[in-house]
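*Asks:* Okay, handing you the structure first.
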Amino acid sequence: MHAVIPYVTAALLFGLGVYGVLRRRNAILVLMAVELMLNAVNLIFVTADVTLRGNGYGGGVFALFVIVLAAAEVGVGLAIVLQYYRMRHAVAVDEVQLDATNDEPDGERVAG
Amino acid sequence: MTVADVLLVALGVIAVGSGALVVTSTHLVRSGLYLVISLGAVAGLYLVLGAELVAWVQVLVYVGAVVVLLLFAVMLTRAPIGPSTDLDRPAWAAALIGAGVGLGLAVLLADAYRWTRYALPAPGTADRMGRQLFGAWVLPFEVISILLLAALVGAIVLSRPDIGARPASREG
């Protein structure tokens, strides 16, 4: 097999993930694009197992670690998104006020 | 072109094509379902590349758990059923950076590996992966378990409004 095929596939998937993270406004779609990027990295790890012999198959182990990390990341990320939705009734990432002091009671919309 | 090459190209086209639909679709739910196809095609690539255990873990954890969690979140945030018009920012900057990163990496890797042939490895078994995991990588494995516990506790604390509520809002 030619190793360049999965490598180029992974590179294109990573580019798509970067595009999705920058383009999307919806926080859940941003998380989906992050999953695409993590998958591209996993594909590179697994392909490197084939092309770099003598490394003791560490690539597959690292791919498993990245899958676990992705599961933890999406769990905490969605908890944050849902909590934010509960407070603000919105999931648009470019409307998040990073410097807001959050003095309003829960459930109340913030003006603007 | 061998059989493995044909499979790799076909699965790669499916993965990249449905990945493109994930980041361009105007339906939130369809984005999630295209993500299933993309992740499934990547699992197929793992199978061709001989990483059998990683492929099945990918199907179990990604397609089984992560996508279901994402679709749950889509429903809990009351996403509209039809197409949404407010999902995207202006495209040119994202397209520029995304295409730059993707094509740049593709050119870099294509130049590094050219059209070199590699022998397909023997299909990896869970036995081999387990020996690796519990031989060379025990410490990272334990660290990962602590990370999972922390993520579990964090998700519970975040999603329960009665934990960590501000004292001021309780009094007032």
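Letters A, B, ... go to the chains of the structure tokens in the order shown; residues in each chain start at 1; ligands are counted from 1 in the same order.
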List every residue of chain A that has an atom at most 7 Å from any atom of chain B, and for each one report the closest atom pair and its distance in Å to one decimal, counting only C-alpha atoms, with rows sorted by chain and then by increasing residue number, as a Markdown table.
*Replies:*
| residue | atom | partner | partner_atom | distance |
| --- | --- | --- | --- | --- |
| A:Met1 | CA | B:Asp5 | CA | 5.4 |
| A:His2 | CA | B:Arg117 | CA | 4.8 |
| A:Ala3 | CA | B:Tyr118 | CA | 6.7 |
| A:Val4 | CA | B:Tyr113 | CA | 5.8 |
| A:Ile5 | CA | B:Val9 | CA | 6.5 |
| A:Pro6 | CA | B:Leu8 | CA | 6.7 |
| A:Tyr7 | CA | B:Leu109 | CA | 6.4 |
| A:Val8 | CA | B:Ala106 | CA | 4.9 |
| A:Thr9 | CA | B:Gly12 | CA | 5.6 |
| A:Ala11 | CA | B:Ala106 | CA | 5.1 |
| A:Leu12 | CA | B:Gly102 | CA | 4.8 |
| A:Leu13 | CA | B:Val16 | CA | 5.8 |
| A:Phe14 | CA | B:Gly102 | CA | 6.1 |
| A:Gly15 | CA | B:Gly102 | CA | 3.7 |
| A:Leu16 | CA | B:Gly98 | CA | 6.2 |
| A:Val18 | CA | B:Gly98 | CA | 5.1 |
| A:Tyr19 | CA | B:Gly98 | CA | 4.3 |
| A:Gly20 | CA | B:Val23 | CA | 5.0 |
| A:Leu22 | CA | B:Ala94 | CA | 5.2 |
| A:Arg23 | CA | B:Arg89 | CA | 5.3 |
| A:Arg24 | CA | B:Asp88 | CA | 4.7 |
| A:Arg25 | CA | B:Leu87 | CA | 5.2 |
| A:Asn26 | CA | B:Leu87 | CA | 5.7 |
| A:Ile28 | CA | B:Leu70 | CA | 6.9 |
| A:Ala33 | CA | B:Val23 | CA | 6.8 |
| A:Val46 | CA | B:Tyr46 | CA | 6.9 |
| A:Thr47 | CA | B:Leu49 | CA | 6.8 |
| A:Val50 | CA | B:Pro121 | CA | 6.4 |
| A:Thr51 | CA | B:Tyr118 | CA | 6.7 |
| A:Gly60 | CA | B:Val54 | CA | 6.5 |
| A:Val61 | CA | B:Leu133 | CA | 6.4 |
| A:Leu64 | CA | B:Val54 | CA | 6.3 |
| A:Ala71 | CA | B:Val66 | CA | 6.3 |
| A:Ala72 | CA | B:Ala151 | CA | 5.6 |
| A:Val74 | CA | B:Val66 | CA | 6.9 |
| A:Gly75 | CA | B:Ala155 | CA | 6.5 |
| A:Val76 | CA | B:Ala155 | CA | 5.0 |
| A:Leu78 | CA | B:Ala73 | CA | 6.7 |
| A:Ala79 | CA | B:Ala155 | CA | 5.5 |
| A:Ile80 | CA | B:Leu158 | CA | 6.6 |
| A:Gln83 | CA | B:Ser159 | CA | 6.2 |
| A:Tyr85 | CA | B:Thr77 | CA | 6.7 |
| A:Pro105 | CA | B:Ser169 | CA | 6.3 |
*Asks:* Go ahead and save the picked residues with C-alpha atoms, as a CSV table (one decimal), in the first residue's frame.
*Replies:*
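The result, stored in out_14.csv:
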chain,number,residue,atom,x,y,z
A,1,MET,CA,0.0,0.0,0.0
A,2,HIS,CA,1.1,3.6,-0.5
A,3,ALA,CA,1.3,5.4,2.8
A,4,VAL,CA,0.8,8.8,1.1
A,5,ILE,CA,-3.0,8.1,0.6
A,6,PRO,CA,-4.0,8.0,4.3
A,7,TYR,CA,-1.5,10.8,5.1
A,8,VAL,CA,-3.1,13.1,2.6
A,9,THR,CA,-6.6,12.1,3.7
A,11,ALA,CA,-4.2,16.3,6.2
A,12,LEU,CA,-7.4,17.2,4.3
A,13,LEU,CA,-9.6,16.2,7.2
A,14,PHE,CA,-7.5,18.4,9.5
A,15,GLY,CA,-7.9,21.3,7.1
A,16,LEU,CA,-11.7,20.7,7.1
A,18,VAL,CA,-9.8,24.0,11.0
A,19,TYR,CA,-12.2,25.5,8.5
A,20,GLY,CA,-15.2,24.3,10.6
A,22,LEU,CA,-13.3,29.1,12.3
A,23,ARG,CA,-16.5,29.2,10.3
A,24,ARG,CA,-19.2,27.8,12.5
A,25,ARG,CA,-21.0,30.0,15.0
A,26,ASN,CA,-22.9,27.2,16.8
A,28,ILE,CA,-22.0,22.2,19.0
A,33,ALA,CA,-15.2,20.2,13.8
A,46,VAL,CA,-2.1,4.8,13.0
A,47,THR,CA,-0.5,5.3,9.6
A,50,VAL,CA,2.9,1.2,9.3
A,51,THR,CA,5.6,3.5,7.9
A,60,GLY,CA,-2.1,2.7,18.0
A,61,VAL,CA,-1.7,3.2,21.7
A,64,LEU,CA,-6.5,5.0,21.8
A,71,ALA,CA,-14.5,11.5,24.8
A,72,ALA,CA,-13.6,13.5,28.0
A,74,VAL,CA,-16.7,16.3,24.4
A,75,GLY,CA,-18.3,15.4,27.7
A,76,VAL,CA,-17.0,18.5,29.5
A,78,LEU,CA,-21.2,19.8,26.1
A,79,ALA,CA,-21.8,20.3,29.8
A,80,ILE,CA,-20.4,23.8,29.4
A,83,GLN,CA,-25.0,25.3,31.0
A,85,TYR,CA,-27.6,27.6,26.9
A,105,PRO,CA,-29.7,35.9,38.4
*Asks:* May I ask for the distance between atom CA of Asp127 of chain B and atom CA of Gly44 of chain B, given in Å to one decimal place?
*Replies:* 20.3 Å
*Asks:* Quote the spacing between atom CA of Ala10 of chain A and atom CA of Val30 of chain A in Å to one decimal place.
*Replies:*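 Answer for the atom CA of Ala10 of chain A to atom CA of Val30 of chain A separation: 18.5 Å.
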